[in-house]
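Below is one structure, written out as structure tokens; the observations come after it.
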Amino acid sequence: MEFFGSLLEQLSTAYDLLAAGWGVQLLWGIGWTLAVTTVSMVIGAVLGSLVAAAKLSHRGGLRFLGESYTTVFRGEPELLVIYLFYYGGTQVLTGMARSAGSIGSTDILNMPSFLGGVLAVGIISGAYQAEVFRGSFLAIHRGELEAARAYGMSTFLRFRLVIMPQVLRLAVPGLGNVWQLTIKDSALISVTGVAELMLTANKAARSTHHSLLFYTVAGILYLVMTSVSTPIFDKAERYTSRSFTRPK
Amino acid sequence: MSASLATAANAKPSLDTTAAISVKDMRKCFGDHEVLKGISLEAHKGDVISILGSSGSGKSTLLRCINLLETPDSGEVRVDGELIRMKQSRDGHQTPADIHQVERIRADLAMVFQSFNLWSHMTVLENLVAAPVHVLKRPRAECLEQAEALLKRVGIWERRNYYPPHMSGGQQQRAAIARALAMNPKVMLFDEPTSALDPELVGEVLRVMRSLAEEGRTMLVVTHEMGFARDVSSKVMFLHKGEVDSLGEPKEMFARPPTQQFKQFITNFNK
Amino acid sequence: MDFDFYLSTMWSVLKALPLTLEIWFFGVAIGLVLATGLTWLRASGYKLGEYFTRAYVFVFRGSPLLVQLYLIYFGLSQFDFIRHSPILWPILRDPMYCTIVAMALNTAAYSSEIFRGSLRAVPVGQIEAAKAFGMPAFTRFRLVTLPIALRLALPAYSTEIILMTKATALASVVTIMEMMGTAQKIQHDTFRPIEVLTCAGVIYLLLNLSIARLFAWVEYLLSPHLRPAPGQSQQIKPVPEVL
């Protein structure tokens, strides 16, 4: 009985706290998390396709560069990469501004935290996306490429008509995984001060002393974000592979 | 038709209890599809029974029901007179009453599979030794000695330290036969042993099987090899749509097919 | 180039390597035990066990490790019974133990999925052959299913282990001075983040590359049957798995 009493009490405190403004803040946090994840995915897609192309290249030097990129950014702690871009960015910006004389010799020009975070998470995401694209390319039926060549298609035409659509189709499930990974990585950029979900939960926990409540809510919200994306990617997969399934 | 022939097979009632394998009225459904519609079969010591039938006739299922890789829905199996005890489970199907009894009997019924199923992470020699040591609890040294002798007999002793994926299909199947022999089984079950082989490798496996038949081993062979059925086996059983269509001496059966179905089956095959 | 600075930074960060390895080792080891339990629970056929493992995997794979760590370190101390427990409180008030607990719980979810997948990938024929030769269930598991499943699990599991090395860096956000925490401190003191983080990055990379090598070597040792046969030309290289 006492347990239920205290549970009710907890719930009403939770409601009060969320209604007192933290609820809205958390919603903004979700918005920022999704913004960080989306921008990072786009940066990652650009980098990832370039790196995948480098890894598949016939030139040894390019291949080495591509391999190094994926090895380094999949092998380093995410936190380190984020610090590198945020604090490192600040170091570079400050150095440039000081030597240009636009700030005083003891002033500091901070790296914009959103930019630093998004670059870091995007570059990590790119390493994983590169592996997805490379795997998808290798999974294309060799015969289809040969057929394209046999019909005299130019390299660009082959890429646009045969390679691109197939790589996209095969990459969708892998990209779904990277998307979830990137959502989770985005929580780490709270250390640089981007007001995404994790940092909002942190602030709420510190100022209200209800860390259990706010971290649980944050955990649930992350679960919702990662699980909502699963059916979306499933749908995308069905759409992109429509020529491979029997029409109903 | 099938019933009368099945009783014809049981024409030697005095030997009933000593039959190496006897199957009575075995039935098996997969979903709505009835694969075995009450099959009876008896194999005495030294019998080599070829089980023929087109695909889907239930011949592999019959074999797999005998050593309970599939659980028959009803019917009984006796090995050397010992009944495999079954019990009713809650959902109305029957299940083995005593799994230890099943395991003991399986060890007496060595099976050779269509796709060899040699354990890929063990060398050929380890494949031959694993079950005798761990199931029959025989001393390893003795098993190794026997295994080497068996490998010499099937002609792949040189490959004893190879892993299965490194050998040809014919060599793998001969190793699988040696693995079965290493159990000193009472009855050997062959489930389409040559169907997964390239045509040029079939001969080497059939030669080994023929020599086993000649030394008087009891064998149930599900096969598509008409030559083996006609020349080597002591009985031929033809299954059609889950029933025993005909059963008899091979020379007799092939010279004068007793049913229209069997006649059609062998004509199609000879085409 | 200031070699002295690089060398001294390298040395300071390296001095924290044992602590990083300690967190890593206990996280992975406890996680392995939990994962084995979860896999068994999932495979045991009890409906309740299946629901529990499904929910467990869903929760721990679907949310960031950082949230899990904060929940354990900051959140759980709100329960009175934990603060008054003579066993739980000494563990849960210590940031180092909390990191290990969070890592173990997290990796257990991923690893149990890897193990489940590799158990399911053992070819049915191999198990049937063991059945047909009269092997009892446990012998069958020990001689056939387990060795094959282990080899199948190894590549994905080594990836998971490397993810755990990276995860040890999170200990720094709960004030542990392992390699990342040490690097952070030096960086704050010197305001030379690029140099400091590069040093730490090199060490992390070398650590992960050696772990990857080690696993590749174990995999090689354990799979003589997948290597080309003596006297045969080499096999086609398989496409390395994505992610």
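Labels for the structure tokens follow display order: chains A, B, ..., residues from 1 in each chain, ligands from 1.
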Could you list, as a PDB file with C-alpha atoms, in the first residue's frame, the residues of chain C having an atom within 12 Å of chain B when counting only C-alpha atoms?
ATOM      1  CA  VAL C 122      24.764 -23.774 -37.309  1.00  0.00           C
ATOM      2  CA  PRO C 123      23.764 -25.983 -40.259  1.00  0.00           C
ATOM      3  CA  VAL C 124      20.865 -28.261 -39.353  1.00  0.00           C
ATOM      4  CA  GLY C 125      22.539 -31.243 -41.028  1.00  0.00           C
ATOM      5  CA  GLN C 126      25.488 -31.092 -38.641  1.00  0.00           C
ATOM      6  CA  ILE C 127      23.176 -31.319 -35.648  1.00  0.00           C
ATOM      7  CA  GLU C 128      21.026 -34.009 -37.255  1.00  0.00           C
ATOM      8  CA  ALA C 129      24.092 -36.132 -37.866  1.00  0.00           C
ATOM      9  CA  ALA C 130      24.957 -35.864 -34.179  1.00  0.00           C
ATOM     10  CA  LYS C 131      21.391 -36.880 -33.283  1.00  0.00           C
ATOM     11  CA  ALA C 132      21.440 -39.790 -35.717  1.00  0.00           C
ATOM     12  CA  PHE C 133      24.567 -41.129 -34.054  1.00  0.00           C
ATOM     13  CA  GLY C 134      22.844 -41.223 -30.695  1.00  0.00           C
ATOM     14  CA  MET C 135      24.581 -38.272 -29.056  1.00  0.00           C
ATOM     15  CA  PRO C 136      22.712 -37.006 -26.002  1.00  0.00           C
ATOM     16  CA  ALA C 137      21.731 -33.327 -26.059  1.00  0.00           C
ATOM     17  CA  PHE C 138      24.650 -32.071 -23.973  1.00  0.00           C
ATOM     18  CA  THR C 139      27.303 -34.062 -25.878  1.00  0.00           C
ATOM     19  CA  ARG C 140      25.756 -32.812 -29.112  1.00  0.00           C
ATOM     20  CA  ARG C 142      29.575 -29.624 -26.639  1.00  0.00           C
ATOM     21  CA  LEU C 143      31.006 -31.494 -29.624  1.00  0.00           C
ATOM     22  CA  VAL C 144      29.087 -30.040 -32.540  1.00  0.00           C
ATOM     23  CA  THR C 145      26.844 -27.010 -31.936  1.00  0.00           C
ATOM     24  CA  LEU C 146      29.106 -24.997 -29.645  1.00  0.00           C
ATOM     25  CA  PRO C 147      32.381 -25.268 -31.591  1.00  0.00           C
ATOM     26  CA  ILE C 148      30.649 -24.365 -34.862  1.00  0.00           C
ATOM     27  CA  ALA C 149      28.655 -21.517 -33.293  1.00  0.00           C
ATOM     28  CA  LEU C 150      31.748 -20.069 -31.604  1.00  0.00           C
ATOM     29  CA  ARG C 151      33.594 -19.826 -34.885  1.00  0.00           C
ATOM     30  CA  LEU C 152      30.577 -18.183 -36.465  1.00  0.00           C
ATOM     31  CA  LEU C 221      43.614 -20.930 -35.270  1.00  0.00           C
ATOM     32  CA  LEU C 222      40.063 -22.131 -34.771  1.00  0.00           C
ATOM     33  CA  SER C 223      39.079 -22.529 -38.391  1.00  0.00           C
ATOM     34  CA  PRO C 224      41.520 -24.834 -40.173  1.00  0.00           C
ATOM     35  CA  HIS C 225      38.539 -26.289 -42.038  1.00  0.00           C
ATOM     36  CA  LEU C 226      37.759 -22.929 -43.611  1.00  0.00           C
ATOM     37  CA  ARG C 227      41.273 -22.326 -44.831  1.00  0.00           C
ATOM     38  CA  PRO C 228      42.304 -23.544 -48.283  1.00  0.00           C
ATOM     39  CA  ALA C 229      43.114 -27.229 -48.368  1.00  0.00           C
ATOM     40  CA  PRO C 230      46.756 -28.278 -48.434  1.00  0.00           C
ATOM     41  CA  GLY C 231      47.940 -28.035 -52.014  1.00  0.00           C
ATOM     42  CA  GLN C 232      44.924 -26.116 -53.209  1.00  0.00           C
ATOM     43  CA  SER C 233      45.049 -22.590 -54.496  1.00  0.00           C
ATOM     44  CA  GLN C 234      43.627 -19.885 -52.294  1.00  0.00           C
ATOM     45  CA  GLN C 235      39.924 -19.391 -51.820  1.00  0.00           C
TER      46      GLN C 235
END
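The protein and nucleic acid residues lying at most 8 Å from Ile162 of chain C are Gly75 of chain A; Ser158, Thr159, Glu160, Met164, Thr165, Lys166, Asn208, Ile211 and Ala212 of chain C, with only C-alpha atoms considered and sequence neighbours fewer than 2 positions away removed.
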Checklist entry - Got a sec to pull out which chain C residues are within 6 Å of chain A, counting only C-alpha atoms, and send them as a ChimeraX atom specification? => result /C:62-64,71,75,166,193-194,205,242
Next on the checklist: Quick check, in Å to one decimal: how far apart do atom CA of Asn268 of chain B and atom CA of Phe254 of chain B lie?
Outcome noted: 13.2 Å
Next on the checklist: With only C-alpha atoms as the counted atoms, please give the residues lying no more than 10 Å from Glu225 of chain B, apart from itself and same-chain residues fewer than 5 positions off, as number ranges by chain.
Outcome noted: B: 50, 52, 192-195, 202, 206, 230, 269
Output of the above residues as a PDB file, in the first residue's frame, restricted to all heavy atoms:
ATOM      1  N   SER B  50      16.017 -51.800 -50.859  1.00  0.00           N
ATOM      2  CA  SER B  50      16.056 -50.528 -51.567  1.00  0.00           C
ATOM      3  C   SER B  50      14.667 -49.935 -51.533  1.00  0.00           C
ATOM      4  O   SER B  50      13.694 -50.611 -51.870  1.00  0.00           O
ATOM      5  CB  SER B  50      16.476 -50.733 -53.016  1.00  0.00           C
ATOM      6  OG  SER B  50      17.840 -51.058 -53.076  1.00  0.00           O
ATOM      7  N   LEU B  52      12.371 -47.271 -53.167  1.00  0.00           N
ATOM      8  CA  LEU B  52      12.289 -46.423 -54.348  1.00  0.00           C
ATOM      9  C   LEU B  52      11.014 -45.592 -54.297  1.00  0.00           C
ATOM     10  O   LEU B  52      10.102 -45.891 -53.526  1.00  0.00           O
ATOM     11  CB  LEU B  52      12.270 -47.273 -55.617  1.00  0.00           C
ATOM     12  CG  LEU B  52      13.428 -48.244 -55.830  1.00  0.00           C
ATOM     13  CD1 LEU B  52      13.203 -49.044 -57.096  1.00  0.00           C
ATOM     14  CD2 LEU B  52      14.748 -47.503 -55.900  1.00  0.00           C
ATOM     15  N   GLU B 192      19.375 -41.441 -49.679  1.00  0.00           N
ATOM     16  CA  GLU B 192      19.829 -40.964 -50.989  1.00  0.00           C
ATOM     17  C   GLU B 192      21.323 -40.635 -50.996  1.00  0.00           C
ATOM     18  O   GLU B 192      21.713 -39.497 -51.254  1.00  0.00           O
ATOM     19  CB  GLU B 192      19.035 -39.717 -51.401  1.00  0.00           C
ATOM     20  CG  GLU B 192      17.538 -39.962 -51.385  1.00  0.00           C
ATOM     21  CD  GLU B 192      16.787 -38.959 -52.245  1.00  0.00           C
ATOM     22  OE1 GLU B 192      17.387 -38.454 -53.205  1.00  0.00           O
ATOM     23  OE2 GLU B 192      15.603 -38.727 -51.973  1.00  0.00           O
ATOM     24  N   PRO B 193      22.168 -41.622 -50.739  1.00  0.00           N
ATOM     25  CA  PRO B 193      23.594 -41.326 -50.537  1.00  0.00           C
ATOM     26  C   PRO B 193      24.318 -40.823 -51.775  1.00  0.00           C
ATOM     27  O   PRO B 193      25.390 -40.254 -51.645  1.00  0.00           O
ATOM     28  CB  PRO B 193      24.163 -42.680 -50.095  1.00  0.00           C
ATOM     29  CG  PRO B 193      23.216 -43.678 -50.643  1.00  0.00           C
ATOM     30  CD  PRO B 193      21.864 -43.045 -50.602  1.00  0.00           C
ATOM     31  N   THR B 194      23.733 -41.017 -52.964  1.00  0.00           N
ATOM     32  CA  THR B 194      24.462 -40.582 -54.159  1.00  0.00           C
ATOM     33  C   THR B 194      23.791 -39.407 -54.855  1.00  0.00           C
ATOM     34  O   THR B 194      24.286 -38.927 -55.868  1.00  0.00           O
ATOM     35  CB  THR B 194      24.581 -41.747 -55.171  1.00  0.00           C
ATOM     36  OG1 THR B 194      23.266 -42.241 -55.429  1.00  0.00           O
ATOM     37  CG2 THR B 194      25.448 -42.856 -54.631  1.00  0.00           C
ATOM     38  N   SER B 195      22.688 -38.904 -54.289  1.00  0.00           N
ATOM     39  CA  SER B 195      21.919 -37.886 -55.022  1.00  0.00           C
ATOM     40  C   SER B 195      22.616 -36.541 -55.094  1.00  0.00           C
ATOM     41  O   SER B 195      22.342 -35.744 -55.977  1.00  0.00           O
ATOM     42  CB  SER B 195      20.547 -37.699 -54.381  1.00  0.00           C
ATOM     43  OG  SER B 195      19.836 -38.900 -54.455  1.00  0.00           O
ATOM     44  N   VAL B 202      29.601 -41.000 -58.455  1.00  0.00           N
ATOM     45  CA  VAL B 202      28.606 -41.926 -57.904  1.00  0.00           C
ATOM     46  C   VAL B 202      29.192 -43.328 -57.774  1.00  0.00           C
ATOM     47  O   VAL B 202      28.999 -44.014 -56.773  1.00  0.00           O
ATOM     48  CB  VAL B 202      27.343 -41.930 -58.795  1.00  0.00           C
ATOM     49  CG1 VAL B 202      26.404 -43.052 -58.403  1.00  0.00           C
ATOM     50  CG2 VAL B 202      26.629 -40.595 -58.687  1.00  0.00           C
ATOM     51  N   LEU B 206      28.960 -46.166 -54.716  1.00  0.00           N
ATOM     52  CA  LEU B 206      28.176 -47.400 -54.909  1.00  0.00           C
ATOM     53  C   LEU B 206      29.044 -48.639 -54.702  1.00  0.00           C
ATOM     54  O   LEU B 206      28.578 -49.639 -54.153  1.00  0.00           O
ATOM     55  CB  LEU B 206      27.560 -47.420 -56.307  1.00  0.00           C
ATOM     56  CG  LEU B 206      26.356 -46.490 -56.490  1.00  0.00           C
ATOM     57  CD1 LEU B 206      25.814 -46.611 -57.902  1.00  0.00           C
ATOM     58  CD2 LEU B 206      25.264 -46.806 -55.476  1.00  0.00           C
ATOM     59  N   ARG B 230      18.369 -53.083 -58.390  1.00  0.00           N
ATOM     60  CA  ARG B 230      18.110 -54.329 -59.105  1.00  0.00           C
ATOM     61  C   ARG B 230      19.159 -55.378 -58.796  1.00  0.00           C
ATOM     62  O   ARG B 230      18.859 -56.535 -58.540  1.00  0.00           O
ATOM     63  CB  ARG B 230      18.072 -54.050 -60.612  1.00  0.00           C
ATOM     64  CG  ARG B 230      17.557 -55.217 -61.438  1.00  0.00           C
ATOM     65  CD  ARG B 230      17.530 -54.832 -62.893  1.00  0.00           C
ATOM     66  NE  ARG B 230      18.831 -54.315 -63.295  1.00  0.00           N
ATOM     67  CZ  ARG B 230      19.001 -53.268 -64.101  1.00  0.00           C
ATOM     68  NH1 ARG B 230      17.958 -52.635 -64.591  1.00  0.00           N
ATOM     69  NH2 ARG B 230      20.205 -52.857 -64.435  1.00  0.00           N
ATOM     70  N   PHE B 269      12.436 -43.749 -65.703  1.00  0.00           N
ATOM     71  CA  PHE B 269      13.830 -43.692 -65.307  1.00  0.00           C
ATOM     72  C   PHE B 269      14.769 -44.132 -66.413  1.00  0.00           C
ATOM     73  O   PHE B 269      15.872 -43.635 -66.534  1.00  0.00           O
ATOM     74  CB  PHE B 269      14.057 -44.566 -64.062  1.00  0.00           C
ATOM     75  CG  PHE B 269      14.553 -43.749 -62.944  1.00  0.00           C
ATOM     76  CD1 PHE B 269      13.658 -43.206 -62.039  1.00  0.00           C
ATOM     77  CD2 PHE B 269      15.896 -43.453 -62.807  1.00  0.00           C
ATOM     78  CE1 PHE B 269      14.106 -42.405 -61.020  1.00  0.00           C
ATOM     79  CE2 PHE B 269      16.346 -42.665 -61.800  1.00  0.00           C
ATOM     80  CZ  PHE B 269      15.446 -42.139 -60.897  1.00  0.00           C
TER      81      PHE B 269
END
Per residue of segment 124-195 of chain B within 12 Å of segment 76-81 of chain B, record the nearest atom pair and its distance in Å to one decimal, counting only C-alpha atoms, with rows in chain order and ascending residue number, as a tab-separated table.
residue	atom	partner	partner_atom	distance
B:Pro185	CA	B:Val79	CA	11.4
B:Lys186	CA	B:Asp80	CA	8.4
B:Val187	CA	B:Val79	CA	8.9
B:Met188	CA	B:Val79	CA	11.9
Next on the checklist: Write out as an MDAnalysis selection string the set of residues from segment 81-224 of chain A that DSSP, computed on the backbone, places in alpha helix (DSSP H).
Outcome noted: chainID A and resid 81:100 113:139 142:150 155:158 164:186 197:208 211:224
Item to check | Neighbour list for Gly75 of chain B as a PyMOL selection string, cut-off 9 Å, only C-alpha atoms, skip fewer than 2 positions in-chain | outcome: chain B and resi 23-27+38-40+72-73+77
Keeping only N, CA and C atoms, write the selected residues as a PDB file, in the first residue's frame.
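File produced: part.pdb:
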ATOM      1  N   VAL B  23       8.651 -52.029 -38.820  1.00  0.00           N
ATOM      2  CA  VAL B  23       7.863 -50.809 -38.740  1.00  0.00           C
ATOM      3  C   VAL B  23       6.433 -51.205 -38.964  1.00  0.00           C
ATOM      4  N   LYS B  24       5.526 -50.732 -38.104  1.00  0.00           N
ATOM      5  CA  LYS B  24       4.123 -51.104 -38.290  1.00  0.00           C
ATOM      6  C   LYS B  24       3.242 -49.875 -38.416  1.00  0.00           C
ATOM      7  N   ASP B  25       2.530 -49.827 -39.527  1.00  0.00           N
ATOM      8  CA  ASP B  25       1.476 -48.833 -39.734  1.00  0.00           C
ATOM      9  C   ASP B  25       1.910 -47.412 -39.389  1.00  0.00           C
ATOM     10  N   MET B  26       3.044 -47.000 -39.980  1.00  0.00           N
ATOM     11  CA  MET B  26       3.560 -45.690 -39.631  1.00  0.00           C
ATOM     12  C   MET B  26       2.864 -44.601 -40.427  1.00  0.00           C
ATOM     13  N   ARG B  27       2.457 -43.554 -39.698  1.00  0.00           N
ATOM     14  CA  ARG B  27       1.804 -42.413 -40.335  1.00  0.00           C
ATOM     15  C   ARG B  27       2.514 -41.124 -39.954  1.00  0.00           C
ATOM     16  N   GLY B  38       0.450 -44.964 -43.341  1.00  0.00           N
ATOM     17  CA  GLY B  38       0.354 -46.306 -42.766  1.00  0.00           C
ATOM     18  C   GLY B  38       1.285 -47.268 -43.459  1.00  0.00           C
ATOM     19  N   ILE B  39       2.579 -47.136 -43.195  1.00  0.00           N
ATOM     20  CA  ILE B  39       3.559 -47.975 -43.873  1.00  0.00           C
ATOM     21  C   ILE B  39       4.088 -49.032 -42.917  1.00  0.00           C
ATOM     22  N   SER B  40       4.180 -50.263 -43.404  1.00  0.00           N
ATOM     23  CA  SER B  40       4.793 -51.329 -42.617  1.00  0.00           C
ATOM     24  C   SER B  40       5.978 -51.864 -43.388  1.00  0.00           C
ATOM     25  N   PRO B  72       7.154 -39.829 -35.901  1.00  0.00           N
ATOM     26  CA  PRO B  72       5.945 -40.287 -36.601  1.00  0.00           C
ATOM     27  C   PRO B  72       4.698 -39.953 -35.785  1.00  0.00           C
ATOM     28  N   ASP B  73       3.555 -39.730 -36.483  1.00  0.00           N
ATOM     29  CA  ASP B  73       2.322 -39.410 -35.764  1.00  0.00           C
ATOM     30  C   ASP B  73       1.733 -40.639 -35.091  1.00  0.00           C
ATOM     31  N   VAL B  77       7.886 -48.691 -34.124  1.00  0.00           N
ATOM     32  CA  VAL B  77       9.172 -49.113 -34.662  1.00  0.00           C
ATOM     33  C   VAL B  77       9.809 -50.056 -33.645  1.00  0.00           C
TER      34      VAL B  77
END
Checklist entry - Neighbours of Phe3 of chain C within 12 Å (only C-alpha atoms; same-chain residues fewer than 6 positions away dropped), as a count of residues only? => result 4
Item to check | Spatial neighbours of Ala97 of chain A, max dist 12 Å, only C-alpha atoms, sep filter under 4 positions, as a VMD selection string | outcome: chain A and resid 89 to 93 101 to 111
Item to check | Close residues, Asp2 of chain C itself excluded, 12 Å, only C-alpha atoms, min 2 positions apart in chain, as an NGL selection string | outcome: :C and (4-9 or 192 or 195-196)
Please, could you write that set of residues out with N, CA, C and O atoms as an mmCIF file, in the first residue's frame?
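Below you can see again_28.cif, which holds the result:
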data_model
loop_
_atom_site.group_PDB
_atom_site.id
_atom_site.type_symbol
_atom_site.label_atom_id
_atom_site.label_comp_id
_atom_site.auth_asym_id
_atom_site.auth_seq_id
_atom_site.Cartn_x
_atom_site.Cartn_y
_atom_site.Cartn_z
ATOM 1 N N ASP C 4 59.074 16.915 -27.131
ATOM 2 C CA ASP C 4 59.003 16.687 -25.689
ATOM 3 C C ASP C 4 57.561 16.671 -25.206
ATOM 4 O O ASP C 4 57.168 15.826 -24.402
ATOM 5 N N PHE C 5 56.782 17.623 -25.751
ATOM 6 C CA PHE C 5 55.384 17.697 -25.325
ATOM 7 C C PHE C 5 54.618 16.432 -25.732
ATOM 8 O O PHE C 5 53.905 15.831 -24.929
ATOM 9 N N TYR C 6 54.839 16.021 -27.008
ATOM 10 C CA TYR C 6 54.173 14.795 -27.468
ATOM 11 C C TYR C 6 54.564 13.615 -26.599
ATOM 12 O O TYR C 6 53.731 12.821 -26.170
ATOM 13 N N LEU C 7 55.884 13.496 -26.330
ATOM 14 C CA LEU C 7 56.364 12.343 -25.566
ATOM 15 C C LEU C 7 55.781 12.338 -24.165
ATOM 16 O O LEU C 7 55.288 11.298 -23.695
ATOM 17 N N SER C 8 55.793 13.509 -23.515
ATOM 18 C CA SER C 8 55.313 13.521 -22.134
ATOM 19 C C SER C 8 53.806 13.272 -22.098
ATOM 20 O O SER C 8 53.305 12.595 -21.205
ATOM 21 N N THR C 9 53.082 13.794 -23.104
ATOM 22 C CA THR C 9 51.640 13.533 -23.148
ATOM 23 C C THR C 9 51.370 12.051 -23.342
ATOM 24 O O THR C 9 50.577 11.440 -22.624
ATOM 25 N N ARG C 192 46.062 22.695 -25.574
ATOM 26 C CA ARG C 192 46.550 22.225 -26.874
ATOM 27 C C ARG C 192 45.800 20.949 -27.239
ATOM 28 O O ARG C 192 46.394 19.879 -27.355
ATOM 29 N N GLU C 195 46.982 18.418 -30.233
ATOM 30 C CA GLU C 195 48.146 17.573 -29.957
ATOM 31 C C GLU C 195 47.798 16.470 -28.961
ATOM 32 O O GLU C 195 48.109 15.295 -29.161
ATOM 33 N N VAL C 196 47.126 16.862 -27.867
ATOM 34 C CA VAL C 196 46.829 15.903 -26.799
ATOM 35 C C VAL C 196 45.914 14.796 -27.304
ATOM 36 O O VAL C 196 46.174 13.609 -27.092
#
